[in-house]
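Undergrad: Pasting in a structure now, in structure tokens, and then I'll have a few things to ask.
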Amino acid sequence: MAEKGAAIRLDADNRAFEALTPYFGAMCCEAASFCFEQNGHPVPTRAALSGCEAPHAHFHWSSPPVQATATYRDKDVAAENGAYAVAIAVLNHVHGYKVVERSAKGTGFDFWIGMAQGDLPFQSTMRLEVSGIFEGQSRVSSRLKSKLKQMAPSDGRGEGLAVVAEFGKPIVAVGKRKSPDGDA
């Protein structure tokens, strides 16, 4: 795991996204860069982290192309896609998690994440639910609680994490969903 407060790159070359197609990873990173820039943040931008070992992260990105305004006109969708990139990158940077695969609709979570251990396949997989807020730090806490609760129907599948990325302040909040046997 990297040094606390070190740079987190938001681009498709980030190895945290390698199980996904390069196009999906790039689109999510581009959406995050759009959200950061639309909120007036420079490169790099320092974001507060809550629920993590590190108190903050520094995000680096490439400016999105001029077509980004037309592409991400719906800022809620841009924030959701950008939050995928931020959540995956932060969890990789701070805890060593990588995406294993996208979850099916109706499961109550967005991705399976895990840690590769040497030559072994991913071990200790867990659920990840993500939410993005374009601007509105006052909603972060309630959204995180809501996302943790949303994961309840899939509790039999193990522990889970929920991440809310808010691009206005910016803030990244992480919460843990306890496993059914009470661990976590």
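Each chain of the structure tokens is named A, B, ... in the order shown, its residues numbered from 1; ligands are numbered from 1 in display order.
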Using only C-alpha atoms, which residues sit within 12 Å of Cys52 of chain A once same-chain residues fewer than 4 positions away are excluded, as a VMD selection string?
TA: chain A and resid 4 to 5 48 56 to 57 87 90 to 95 161 to 163 171 to 176
Undergrad: Give me, as an MDAnalysis selection string, the residues of segment 60-165 of chain A that a backbone DSSP run labels helix (DSSP H, G or I).
TA: chainID A and resid 68:71 75:95 137:150 152:157
Undergrad: Hey, can you spit out that residue selection with N, CA and C atoms as a compact mmCIF listing (two decimals), in the first residue's frame?
TA:
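File written: again-v9.txt
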```
# COMPACT_ATOMS: atom_id res chain seq x y z
N ALA A 68 -16.60 16.96 -23.10
CA ALA A 68 -17.05 16.49 -21.79
C ALA A 68 -18.31 17.20 -21.32
N THR A 69 -18.44 18.47 -21.63
CA THR A 69 -19.63 19.22 -21.20
C THR A 69 -20.88 18.62 -21.83
N ALA A 70 -20.82 18.26 -23.10
CA ALA A 70 -21.96 17.64 -23.77
C ALA A 70 -22.16 16.20 -23.27
N THR A 71 -21.07 15.52 -22.98
CA THR A 71 -21.13 14.12 -22.55
C THR A 71 -21.70 13.99 -21.15
N LYS A 75 -25.29 15.99 -14.46
CA LYS A 75 -24.25 15.99 -13.43
C LYS A 75 -24.42 14.87 -12.40
N ASP A 76 -25.63 14.41 -12.18
CA ASP A 76 -25.83 13.29 -11.25
C ASP A 76 -25.22 12.00 -11.81
N VAL A 77 -25.39 11.77 -13.10
CA VAL A 77 -24.79 10.60 -13.75
C VAL A 77 -23.27 10.74 -13.79
N ALA A 78 -22.80 11.95 -14.08
CA ALA A 78 -21.35 12.19 -14.09
C ALA A 78 -20.76 11.91 -12.70
N ALA A 79 -21.45 12.36 -11.65
CA ALA A 79 -20.96 12.15 -10.28
C ALA A 79 -20.98 10.67 -9.92
N GLU A 80 -21.99 9.94 -10.36
CA GLU A 80 -22.06 8.51 -10.08
C GLU A 80 -20.90 7.77 -10.75
N ASN A 81 -20.69 8.03 -12.04
CA ASN A 81 -19.59 7.38 -12.76
C ASN A 81 -18.23 7.82 -12.23
N GLY A 82 -18.10 9.10 -11.92
CA GLY A 82 -16.85 9.59 -11.35
C GLY A 82 -16.57 9.00 -9.98
N ALA A 83 -17.64 8.78 -9.22
CA ALA A 83 -17.48 8.18 -7.88
C ALA A 83 -16.96 6.75 -7.98
N TYR A 84 -17.32 6.02 -9.03
CA TYR A 84 -16.76 4.68 -9.21
C TYR A 84 -15.24 4.77 -9.28
N ALA A 85 -14.74 5.69 -10.09
CA ALA A 85 -13.29 5.84 -10.23
C ALA A 85 -12.64 6.24 -8.92
N VAL A 86 -13.21 7.21 -8.24
CA VAL A 86 -12.64 7.69 -6.98
C VAL A 86 -12.65 6.58 -5.93
N ALA A 87 -13.78 5.89 -5.78
CA ALA A 87 -13.89 4.83 -4.77
C ALA A 87 -12.89 3.71 -5.01
N ILE A 88 -12.82 3.24 -6.24
CA ILE A 88 -11.91 2.14 -6.57
C ILE A 88 -10.47 2.56 -6.37
N ALA A 89 -10.13 3.77 -6.81
CA ALA A 89 -8.75 4.26 -6.67
C ALA A 89 -8.36 4.46 -5.21
N VAL A 90 -9.27 5.00 -4.40
CA VAL A 90 -8.97 5.22 -2.98
C VAL A 90 -8.81 3.88 -2.25
N LEU A 91 -9.73 2.96 -2.47
CA LEU A 91 -9.64 1.67 -1.78
C LEU A 91 -8.39 0.89 -2.20
N ASN A 92 -7.96 1.06 -3.43
CA ASN A 92 -6.72 0.44 -3.88
C ASN A 92 -5.53 1.11 -3.21
N HIS A 93 -5.52 2.41 -3.20
CA HIS A 93 -4.41 3.19 -2.65
C HIS A 93 -4.25 2.97 -1.15
N VAL A 94 -5.34 3.02 -0.43
CA VAL A 94 -5.29 2.96 1.03
C VAL A 94 -5.26 1.52 1.56
N HIS A 95 -6.02 0.62 0.93
CA HIS A 95 -6.16 -0.73 1.47
C HIS A 95 -5.66 -1.85 0.57
N GLN A 137 -21.90 18.65 0.46
CA GLN A 137 -21.25 17.90 1.53
C GLN A 137 -22.19 17.56 2.68
N SER A 138 -23.26 18.31 2.86
CA SER A 138 -24.18 18.05 3.97
C SER A 138 -24.92 16.73 3.79
N ARG A 139 -24.93 16.18 2.58
CA ARG A 139 -25.65 14.93 2.32
C ARG A 139 -24.78 13.69 2.43
N VAL A 140 -23.48 13.84 2.64
CA VAL A 140 -22.56 12.71 2.61
C VAL A 140 -22.90 11.67 3.69
N SER A 141 -23.07 12.09 4.92
CA SER A 141 -23.31 11.16 6.03
C SER A 141 -24.60 10.37 5.83
N SER A 142 -25.68 11.05 5.47
CA SER A 142 -26.95 10.34 5.29
C SER A 142 -26.90 9.43 4.07
N ARG A 143 -26.21 9.83 3.02
CA ARG A 143 -26.08 8.97 1.84
C ARG A 143 -25.27 7.72 2.18
N LEU A 144 -24.20 7.87 2.97
CA LEU A 144 -23.39 6.71 3.35
C LEU A 144 -24.24 5.72 4.16
N LYS A 145 -25.02 6.21 5.11
CA LYS A 145 -25.90 5.34 5.89
C LYS A 145 -26.89 4.61 4.99
N SER A 146 -27.43 5.33 4.04
CA SER A 146 -28.40 4.75 3.10
C SER A 146 -27.76 3.65 2.26
N LYS A 147 -26.54 3.89 1.78
CA LYS A 147 -25.84 2.91 0.94
C LYS A 147 -25.46 1.67 1.74
N LEU A 148 -25.08 1.84 2.98
CA LEU A 148 -24.77 0.69 3.83
C LEU A 148 -26.03 -0.16 4.05
N LYS A 149 -27.14 0.51 4.29
CA LYS A 149 -28.41 -0.19 4.51
C LYS A 149 -28.87 -0.89 3.23
N GLN A 150 -28.63 -0.30 2.08
CA GLN A 150 -29.01 -0.86 0.78
C GLN A 150 -28.38 -2.23 0.54
N ALA A 152 -28.02 -4.63 2.67
CA ALA A 152 -28.55 -5.66 3.57
C ALA A 152 -29.04 -6.93 2.87
N PRO A 153 -29.76 -6.84 1.76
CA PRO A 153 -30.25 -8.09 1.14
C PRO A 153 -29.14 -9.06 0.70
N SER A 154 -27.93 -8.57 0.53
CA SER A 154 -26.84 -9.45 0.10
C SER A 154 -25.86 -9.74 1.23
N ASP A 155 -26.28 -9.54 2.48
CA ASP A 155 -25.38 -9.75 3.62
C ASP A 155 -24.84 -11.18 3.70
N GLY A 156 -25.57 -12.15 3.19
CA GLY A 156 -25.10 -13.52 3.20
C GLY A 156 -23.88 -13.74 2.33
N ARG A 157 -23.50 -12.74 1.56
CA ARG A 157 -22.35 -12.83 0.68
C ARG A 157 -21.08 -12.28 1.31
```
Undergrad: Would you please give, as a VMD selection string, all residues of segment 12-81 of chain A that DSSP assigns to strand (DSSP E) based on the backbone?
TA: chain A and resid 45 to 50 56 to 60
Undergrad: Calculated over only C-alpha atoms, which of the candidates A:Ala16, A:Glu129, A:Pro42, A:Gly108 has the smallest distance to Gly96 of chain A?
TA: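 Looking at the shortest contact to Gly96 of chain A, the residue is A:Ala16.
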Undergrad: Which residues are near Glu18 of chain A? Cut-off 10 Å, only C-alpha atoms, ignore same chain within fewer than 4 positions. Put them as a list in words.
TA: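 That gives Ala12, Asp13, Asn14, Pro22, Gly25, Lys98, Val99, Val100 and Glu101 of chain A.
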Undergrad: Please produce a file of those selected residues containing N, CA and C atoms, as a short mmCIF file (atom, residue, chain, number, x, y, z; two decimals), in the first residue's frame.
TA:
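File out.cif, as written:
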```cif
data_model
loop_
_atom_site.label_atom_id
_atom_site.label_comp_id
_atom_site.auth_asym_id
_atom_site.auth_seq_id
_atom_site.Cartn_x
_atom_site.Cartn_y
_atom_site.Cartn_z
N ALA A 12 -7.10 5.43 -16.81
CA ALA A 12 -7.35 4.01 -17.11
C ALA A 12 -6.12 3.14 -16.86
N ASP A 13 -4.94 3.75 -16.70
CA ASP A 13 -3.73 2.97 -16.42
C ASP A 13 -3.62 2.59 -14.95
N ASN A 14 -4.49 3.11 -14.10
CA ASN A 14 -4.49 2.75 -12.69
C ASN A 14 -4.81 1.26 -12.59
N PRO A 22 -10.76 -1.23 -20.44
CA PRO A 22 -10.08 0.07 -20.38
C PRO A 22 -11.04 1.23 -20.68
N GLY A 25 -13.09 1.99 -17.40
CA GLY A 25 -12.21 2.66 -16.45
C GLY A 25 -11.90 4.09 -16.86
N LYS A 98 -8.60 -4.19 -5.32
CA LYS A 98 -8.81 -3.99 -6.75
C LYS A 98 -10.19 -4.52 -7.10
N VAL A 99 -10.74 -4.01 -8.20
CA VAL A 99 -12.02 -4.52 -8.67
C VAL A 99 -11.82 -5.94 -9.18
N VAL A 100 -12.73 -6.82 -8.81
CA VAL A 100 -12.75 -8.18 -9.33
C VAL A 100 -13.74 -8.25 -10.49
N GLU A 101 -14.96 -7.71 -10.26
CA GLU A 101 -15.96 -7.66 -11.32
C GLU A 101 -17.11 -6.76 -10.91
#
```
Undergrad: Provide the atom CA of Thr107 of chain A to atom CA of Gly160 of chain A distance in Å, to one decimal place.
TA: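 Going from atom CA of Thr107 of chain A over to atom CA of Gly160 of chain A covers 12.0 Å.
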Undergrad: To one decimal place in Å, what is the distance between atom CA of Gly168 of chain A and atom CA of Asp11 of chain A?
TA: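 Between atom CA of Gly168 of chain A and atom CA of Asp11 of chain A the gap is 20.1 Å.
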Undergrad: Please provide as a ChimeraX atom specification all residues within 10 Å of Pro170 of chain A, with the sequence filter that same-chain residues fewer than 2 positions apart are discarded (counting only C-alpha atoms).
TA: /A:36,39,41,45-49,133-137,165-168,172
